[in-house]
Every structure is written in C-alpha cells, then in structure tokens.
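Worksheet: one structure, shown below.
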Amino acid sequence: MTAEGSVDLLIEGKVASVTFNRPEARNAMTWAMYERLRAICEQLREDRSVRVVRFQGAGGEAFVAGTDIAQFQDFDGERGVAYERQIDGTMQLLAGLPMPTVAVVQGWCIGGGLAIASTCDFRIATPGSRFGVPIARTLGNCLSMANVAGLVASFGRPRVQRLLLLADLIAAEEAHACGYVLEIAPAEAIEAAAQKLCAKLASLAPVTQQVSKEALARLLRHGLPEAEDLIRRTYGSADFREGVQAFVQKRPPVWQGR
C-alpha cells in the first residue's frame, strides 16, 4: 500500500473482492484511489468469469470515510463541477457492472463511501456501522443530482433530508429497517455472511441479473434534471473554502452563508 492508499482486487473463482486500503485514514479516497477503482470496474466489466463483486474497507473501522478533504484546498466552482462529474462517472462504471455487487460495511460509511455503497446492489453491515453525508456540518459542499437521486432511491426522501440538511448519521439498525441494509452481522461473522450472500448470487441466472440491473438503472436515470449551477455555486462559495480550511486546521467551521 502506498501513502496515497490503494484499491486492491482479488479474484477467487466466481467472486471478485475489491478492498479500499487506507486504514490509517479510515480508507478516505484519494484521487489515485478513485482512478484505480475506475480501472478495476472497467476490467471487471469485461470479465465474464466473475459472477459477483464485493467491496469492503481495510482495517475494520470504516468502509470508506469519504474523499480525502485535504485535496479540496485549491477548489473553486469549476473544479467542483469537474469533481462531481468525475464521481458520477465512477459511480456509473460501478453501477454498470453486469454482475451483482455487494458492499460489506464495517464502521463508517460516509460521503463518497456512502455513494459507493449505495451504488452497489446489496449492503450488509456490522451493528456499529454508520451511514451519512455530514457535509452541512463538516465541509459545506454538495452532491450531484445523480448522487442525490441515488440516495433518495435507497433511503427515501425524508431520510435523505436528515442526511443532507441535518447532517444526521443513520445507524445500521435503521438502515436495515428501511431496507437499505440487507443483513446485519457481528464483526466476527460478517465475512461468513458476505461469503454466503456472494455464493447465493453466483448461483443464480446471470442474464436475468444483468437485464434486471439495467432495467432498474434506466428507471433511476430517466428524466434526471441538470444541477451543475447548484454545484458551481456551492464549491465556489466562501463557506466551502471555510469548511475545507476548518477541517485541515482541525477547528469548527464558522458559516457565513456566502
């Protein structure tokens, strides 16, 4: 693993395992890690021997705790738009994998990590897992329209309002109760639960799974409105610059509404 972290791929039989490997930073994603994730998705898209892909974070403390915030220090509105386009493109590659995908979540699943987990077809989690996008409290940025639509499809609008406007975190039990999480398993049993789910998915009709995934994806993409003006306004704001600097300086942000 490099200082920038890595995204590691292991293929065993019909199951591919993708691990976000930067545990010292709760697997927060660097630009290099996103690039590697895209490359892995492109590789797996063409590998017909793989029937299931599972994603997990290294270290047991987090799935992915968002994007590394230190990378945002020189951002403005246009770079914000380019970043959100890049995230959307990565999620489209992940969503476009023809085989079922499973997020195995232990601990924090935040920001970009929540986008990755939500793009997967299924999620299993440990009891202490937490899901959220606390950007109204931490950074002062925003999500793309595609990301918001995906969260609403996964959680429902009322919970997404809590995630985005209140900066709430949703516990594993609530995520399970609303159907976002398929199963909760203790940390010592999560690997067995993941293997059991992947084995079941790998045993089913792949063509049916592929066309069903595409049908669901088309429903989500249909009529999605444009929102780059909102992204440009947010990433170009003084509040966003304040949020980044406050995070880097390890102090509470002072929001001005500008």
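Quick note on naming: the chains in the structure tokens go A, B, ... in the order shown, residues restart at 1 in each chain, and ligands are numbered from 1 in order of appearance.
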Write down as a PyMOL selection string the residues of range 62-203 of chain A whose backbone DSSP state falls under helix (DSSP H, G or I).
chain A and resi 69-72+77-95+112-119+135-138+145-155+157-165+172-177+187-202
Find the residues near range 64-77 of chain A: any atom within 6 Å, counting only C-alpha atoms, skip ones fewer than 2 places away on the same chain, and give them as JSON, numbers by chain.
{"A": [26, 27, 28, 29, 30, 62, 79, 80, 108, 109, 110, 111, 112, 113, 232, 235, 236]}
Test item: residues at most 10 Å from Tyr180 in chain A, only C-alpha atoms, excluding those fewer than 5 positions along its chain, as a ChimeraX atom specification
/A:117-118,121-124,151,153-156,172-175
Do you know which residues are at most 8 Å from Val18 in chain A counting only C-alpha atoms, after dropping those on the same chain fewer than 6 positions away, and could you put them as a list in words?
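My reading of the contact set: Val7, Asp8, Leu9, Leu10, Val53, Arg54, Phe55 and Gln56 of chain A.
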Env of Glu188 in chain A: 12 Å cut, atoms = only C-alpha atoms, seq-sep filter 3 positions within chain, self excluded. Answer as a PyMOL selection string.
chain A and resi 60+106+125-127+184-185+191-194
Please produce a file of those selected residues containing N, CA and C atoms, as an mmCIF file, in the first residue's frame.
```
data_model
loop_
_atom_site.group_PDB
_atom_site.id
_atom_site.type_symbol
_atom_site.label_atom_id
_atom_site.label_comp_id
_atom_site.auth_asym_id
_atom_site.auth_seq_id
_atom_site.Cartn_x
_atom_site.Cartn_y
_atom_site.Cartn_z
ATOM 1 N N GLY A 60 -11.295 -2.689 9.363
ATOM 2 C CA GLY A 60 -12.434 -2.946 10.233
ATOM 3 C C GLY A 60 -13.062 -1.722 10.865
ATOM 4 N N GLN A 106 -18.198 -2.208 7.478
ATOM 5 C CA GLN A 106 -17.849 -2.220 8.898
ATOM 6 C C GLN A 106 -17.483 -0.796 9.295
ATOM 7 N N ALA A 125 -23.883 -5.189 6.872
ATOM 8 C CA ALA A 125 -23.162 -4.295 7.776
ATOM 9 C C ALA A 125 -23.037 -4.909 9.162
ATOM 10 N N THR A 126 -22.095 -4.386 9.916
ATOM 11 C CA THR A 126 -21.956 -4.738 11.319
ATOM 12 C C THR A 126 -22.838 -3.805 12.158
ATOM 13 N N PRO A 127 -23.154 -4.203 13.401
ATOM 14 C CA PRO A 127 -24.062 -3.381 14.228
ATOM 15 C C PRO A 127 -23.575 -1.957 14.461
ATOM 16 N N ILE A 184 -27.597 -7.496 8.978
ATOM 17 C CA ILE A 184 -26.631 -7.058 9.982
ATOM 18 C C ILE A 184 -26.002 -8.304 10.600
ATOM 19 N N ALA A 185 -24.679 -8.312 10.662
ATOM 20 C CA ALA A 185 -23.966 -9.440 11.254
ATOM 21 C C ALA A 185 -22.871 -8.908 12.165
ATOM 22 N N GLU A 191 -17.727 -11.788 7.624
ATOM 23 C CA GLU A 191 -17.091 -12.447 6.487
ATOM 24 C C GLU A 191 -17.896 -13.668 6.047
ATOM 25 N N ALA A 192 -18.369 -14.446 7.005
ATOM 26 C CA ALA A 192 -19.187 -15.612 6.660
ATOM 27 C C ALA A 192 -20.486 -15.184 5.994
ATOM 28 N N ALA A 193 -21.087 -14.096 6.486
ATOM 29 C CA ALA A 193 -22.327 -13.592 5.883
ATOM 30 C C ALA A 193 -22.071 -13.114 4.458
ATOM 31 N N ALA A 194 -20.947 -12.459 4.238
ATOM 32 C CA ALA A 194 -20.614 -11.986 2.899
ATOM 33 C C ALA A 194 -20.396 -13.156 1.946
#
```
Taking the DSSP assignment computed from this structure's backbone, write out as a PyMOL selection string all residues of range 134-205 of chain A that belong to strand (DSSP E).
chain A and resi 169-171+183-184
Between CA of Ala103 in chain A and CA of Pro23 in chain A, what is the spacing in Å?
16.7 Å
Go ahead and compute the interatomic distance for CA of Glu228 in chain A and CA of Ile87 in chain A, in Å to one decimal.
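Interatomic distance here is 13.3 Å.
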Could you give me, as a list in words, the residues within 10 Å of Gln43 in chain A, counting only C-alpha atoms and dropping anything in the same chain fewer than 5 positions from it?
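Within the cut-off, the hits are Leu37, Arg38 and Leu97 of chain A.
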Please identify all polymer residues within 12 Å of Gln92 in chain A, counting only C-alpha atoms, omitting same-chain residues fewer than 6 positions from it, and present them as a compact mmCIF listing (two decimals) with all heavy atoms, in the first residue's frame.
```txt
# COMPACT_ATOMS: atom_id res chain seq x y z
N LEU A 37 -10.13 2.57 -8.77
CA LEU A 37 -11.47 1.99 -8.73
C LEU A 37 -12.09 1.97 -10.13
O LEU A 37 -12.71 0.98 -10.53
CB LEU A 37 -12.36 2.77 -7.76
CG LEU A 37 -13.83 2.35 -7.68
CD1 LEU A 37 -13.98 0.89 -7.28
CD2 LEU A 37 -14.60 3.25 -6.72
N ARG A 38 -11.92 3.06 -10.87
CA ARG A 38 -12.45 3.10 -12.24
C ARG A 38 -11.80 2.02 -13.11
O ARG A 38 -12.48 1.34 -13.89
CB ARG A 38 -12.23 4.49 -12.85
CG ARG A 38 -13.13 5.56 -12.25
CD ARG A 38 -13.06 6.85 -13.06
NE ARG A 38 -11.77 7.51 -12.94
CZ ARG A 38 -11.46 8.35 -11.96
NH1 ARG A 38 -12.34 8.64 -11.01
NH2 ARG A 38 -10.27 8.93 -11.93
N CYS A 41 -13.24 -1.38 -12.24
CA CYS A 41 -14.60 -1.55 -12.79
C CYS A 41 -14.54 -1.84 -14.29
O CYS A 41 -15.28 -2.70 -14.80
CB CYS A 41 -15.45 -0.32 -12.51
SG CYS A 41 -15.93 -0.12 -10.77
N GLU A 42 -13.66 -1.14 -15.00
CA GLU A 42 -13.53 -1.38 -16.44
C GLU A 42 -13.02 -2.79 -16.72
O GLU A 42 -13.47 -3.46 -17.65
CB GLU A 42 -12.60 -0.34 -17.05
CG GLU A 42 -13.22 1.05 -17.10
CD GLU A 42 -12.24 2.14 -17.50
OE1 GLU A 42 -11.01 1.85 -17.51
OE2 GLU A 42 -12.68 3.27 -17.78
N ARG A 45 -15.88 -5.35 -15.84
CA ARG A 45 -17.00 -5.27 -16.78
C ARG A 45 -16.82 -6.26 -17.93
O ARG A 45 -17.80 -6.77 -18.49
CB ARG A 45 -17.09 -3.84 -17.31
CG ARG A 45 -18.24 -3.58 -18.25
CD ARG A 45 -18.31 -2.11 -18.60
NE ARG A 45 -17.07 -1.62 -19.18
CZ ARG A 45 -16.78 -0.34 -19.39
NH1 ARG A 45 -17.63 0.60 -19.06
NH2 ARG A 45 -15.62 0.00 -19.95
N ARG A 85 -18.61 15.57 -11.62
CA ARG A 85 -18.72 14.79 -12.86
C ARG A 85 -17.88 13.52 -12.76
O ARG A 85 -18.30 12.45 -13.20
CB ARG A 85 -18.23 15.62 -14.05
CG ARG A 85 -19.19 16.70 -14.55
CD ARG A 85 -18.54 17.46 -15.68
NE ARG A 85 -19.36 18.56 -16.17
CZ ARG A 85 -18.90 19.53 -16.94
NH1 ARG A 85 -17.61 19.54 -17.29
NH2 ARG A 85 -19.70 20.49 -17.37
N GLN A 86 -16.68 13.66 -12.20
CA GLN A 86 -15.79 12.51 -12.08
C GLN A 86 -16.39 11.46 -11.14
O GLN A 86 -16.35 10.26 -11.43
CB GLN A 86 -14.42 12.95 -11.57
CG GLN A 86 -13.38 11.84 -11.51
CD GLN A 86 -12.05 12.34 -11.03
OE1 GLN A 86 -11.93 12.87 -9.91
NE2 GLN A 86 -11.02 12.19 -11.85
N PRO A 98 -22.06 -5.71 -14.92
CA PRO A 98 -23.19 -6.58 -15.27
C PRO A 98 -23.57 -7.57 -14.19
O PRO A 98 -24.69 -8.07 -14.17
CB PRO A 98 -22.70 -7.30 -16.53
CG PRO A 98 -21.21 -7.28 -16.42
CD PRO A 98 -20.87 -5.99 -15.76
N ALA A 115 -21.81 6.92 -1.30
CA ALA A 115 -22.14 6.85 -2.73
C ALA A 115 -21.76 5.49 -3.30
O ALA A 115 -22.52 4.88 -4.06
CB ALA A 115 -21.42 7.96 -3.49
N ILE A 116 -20.58 4.98 -2.93
CA ILE A 116 -20.14 3.68 -3.42
C ILE A 116 -21.06 2.58 -2.91
O ILE A 116 -21.53 1.73 -3.68
CB ILE A 116 -18.68 3.41 -2.99
CG1 ILE A 116 -17.73 4.38 -3.70
CG2 ILE A 116 -18.28 1.96 -3.29
CD1 ILE A 116 -16.32 4.38 -3.14
N SER A 118 -24.11 2.81 -1.84
CA SER A 118 -25.47 2.97 -2.38
C SER A 118 -25.54 2.53 -3.84
O SER A 118 -26.61 2.10 -4.31
CB SER A 118 -25.93 4.42 -2.25
OG SER A 118 -25.96 4.82 -0.90
N THR A 119 -24.44 2.63 -4.56
CA THR A 119 -24.42 2.19 -5.95
C THR A 119 -24.39 0.67 -6.06
O THR A 119 -24.82 0.12 -7.07
CB THR A 119 -23.21 2.81 -6.68
OG1 THR A 119 -23.28 4.24 -6.55
CG2 THR A 119 -23.20 2.47 -8.16
N CYS A 120 -23.87 0.01 -5.02
CA CYS A 120 -23.89 -1.45 -5.01
C CYS A 120 -25.33 -1.96 -4.94
O CYS A 120 -26.23 -1.26 -4.46
CB CYS A 120 -23.09 -1.99 -3.84
SG CYS A 120 -21.30 -1.76 -4.00
N ALA A 146 -27.31 13.25 -9.61
CA ALA A 146 -27.34 11.79 -9.70
C ALA A 146 -27.10 11.16 -8.33
O ALA A 146 -27.75 10.16 -7.97
CB ALA A 146 -26.30 11.30 -10.70
N ASN A 147 -26.20 11.73 -7.55
CA ASN A 147 -25.91 11.21 -6.21
C ASN A 147 -27.13 11.37 -5.30
O ASN A 147 -27.51 10.45 -4.58
CB ASN A 147 -24.69 11.95 -5.64
CG ASN A 147 -24.01 11.19 -4.52
OD1 ASN A 147 -24.57 10.29 -3.91
ND2 ASN A 147 -22.78 11.58 -4.24
N GLY A 150 -29.77 8.89 -6.29
CA GLY A 150 -29.44 7.56 -5.83
C GLY A 150 -29.73 7.37 -4.35
O GLY A 150 -30.24 6.33 -3.93
N GLU A 214 -29.99 -3.51 -15.35
CA GLU A 214 -30.08 -2.44 -16.34
C GLU A 214 -31.46 -1.79 -16.32
O GLU A 214 -31.58 -0.56 -16.45
CB GLU A 214 -29.77 -2.98 -17.73
CG GLU A 214 -29.89 -1.94 -18.84
CD GLU A 214 -29.01 -0.72 -18.66
OE1 GLU A 214 -27.97 -0.81 -17.95
OE2 GLU A 214 -29.34 0.34 -19.22
N ALA A 217 -31.52 0.52 -13.42
CA ALA A 217 -30.66 1.68 -13.68
C ALA A 217 -31.35 2.67 -14.60
O ALA A 217 -31.24 3.89 -14.42
CB ALA A 217 -29.34 1.22 -14.29
N ARG A 218 -32.08 2.16 -15.60
CA ARG A 218 -32.78 3.08 -16.52
C ARG A 218 -33.87 3.85 -15.80
O ARG A 218 -34.09 5.04 -16.08
CB ARG A 218 -33.35 2.28 -17.69
CG ARG A 218 -32.31 1.74 -18.63
CD ARG A 218 -32.94 1.01 -19.81
NE ARG A 218 -31.90 0.33 -20.60
CZ ARG A 218 -32.15 -0.33 -21.72
NH1 ARG A 218 -33.39 -0.40 -22.21
NH2 ARG A 218 -31.17 -0.93 -22.37
N LEU A 220 -33.77 4.81 -12.71
CA LEU A 220 -33.12 5.83 -11.89
C LEU A 220 -32.63 6.99 -12.75
O LEU A 220 -32.69 8.15 -12.34
CB LEU A 220 -31.94 5.20 -11.13
CG LEU A 220 -31.19 6.11 -10.16
CD1 LEU A 220 -32.13 6.66 -9.10
CD2 LEU A 220 -30.03 5.38 -9.53
N ARG A 221 -32.13 6.69 -13.95
CA ARG A 221 -31.57 7.74 -14.81
C ARG A 221 -32.64 8.54 -15.55
O ARG A 221 -32.37 9.65 -16.00
CB ARG A 221 -30.63 7.11 -15.86
CG ARG A 221 -29.38 6.47 -15.30
CD ARG A 221 -28.38 6.17 -16.42
NE ARG A 221 -28.93 5.29 -17.44
CZ ARG A 221 -28.72 3.97 -17.48
NH1 ARG A 221 -27.99 3.40 -16.53
NH2 ARG A 221 -29.22 3.24 -18.46
```
So that each row is one residue of range 146-255 of chain A with an atom at most 9 Å from range 135-141 of chain A, can you give its shortest atom pair and the distance in Å to one decimal, using only C-alpha atoms, rows by chain and rising number, as a tab-separated table?
```
residue	atom	partner	partner_atom	distance
A:Leu163	CA	A:Ile135	CA	8.9
A:Leu164	CA	A:Ala136	CA	6.6
A:Leu165	CA	A:Ala136	CA	6.5
A:Leu166	CA	A:Ala136	CA	7.2
A:Ala167	CA	A:Ala136	CA	5.7
A:Ile231	CA	A:Asn141	CA	7.9
A:Thr234	CA	A:Asn141	CA	5.7
A:Tyr235	CA	A:Asn141	CA	5.9
A:Ser237	CA	A:Asn141	CA	8.7
A:Asp239	CA	A:Gly140	CA	6.1
A:Phe240	CA	A:Gly140	CA	4.8
A:Arg241	CA	A:Gly140	CA	8.2
A:Glu242	CA	A:Leu139	CA	7.9
A:Gly243	CA	A:Leu139	CA	4.3
A:Val244	CA	A:Leu139	CA	5.7
A:Gln245	CA	A:Leu139	CA	8.9
A:Ala246	CA	A:Leu139	CA	8.2
A:Phe247	CA	A:Thr138	CA	7.1
A:Pro252	CA	A:Thr138	CA	8.1
A:Pro253	CA	A:Thr138	CA	7.3
A:Trp255	CA	A:Gly140	CA	8.5
```
Computed gap from CA of Arg233 in chain A to CA of Tyr83 in chain A is 13.7 Å
Residue with smallest distance to Leu201 in chain A - pool A:Ala25, A:Leu182, A:Val52, A:Met33, counting only C-alpha atoms
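Smallest separation from Leu201 in chain A among the options: A:Val52.
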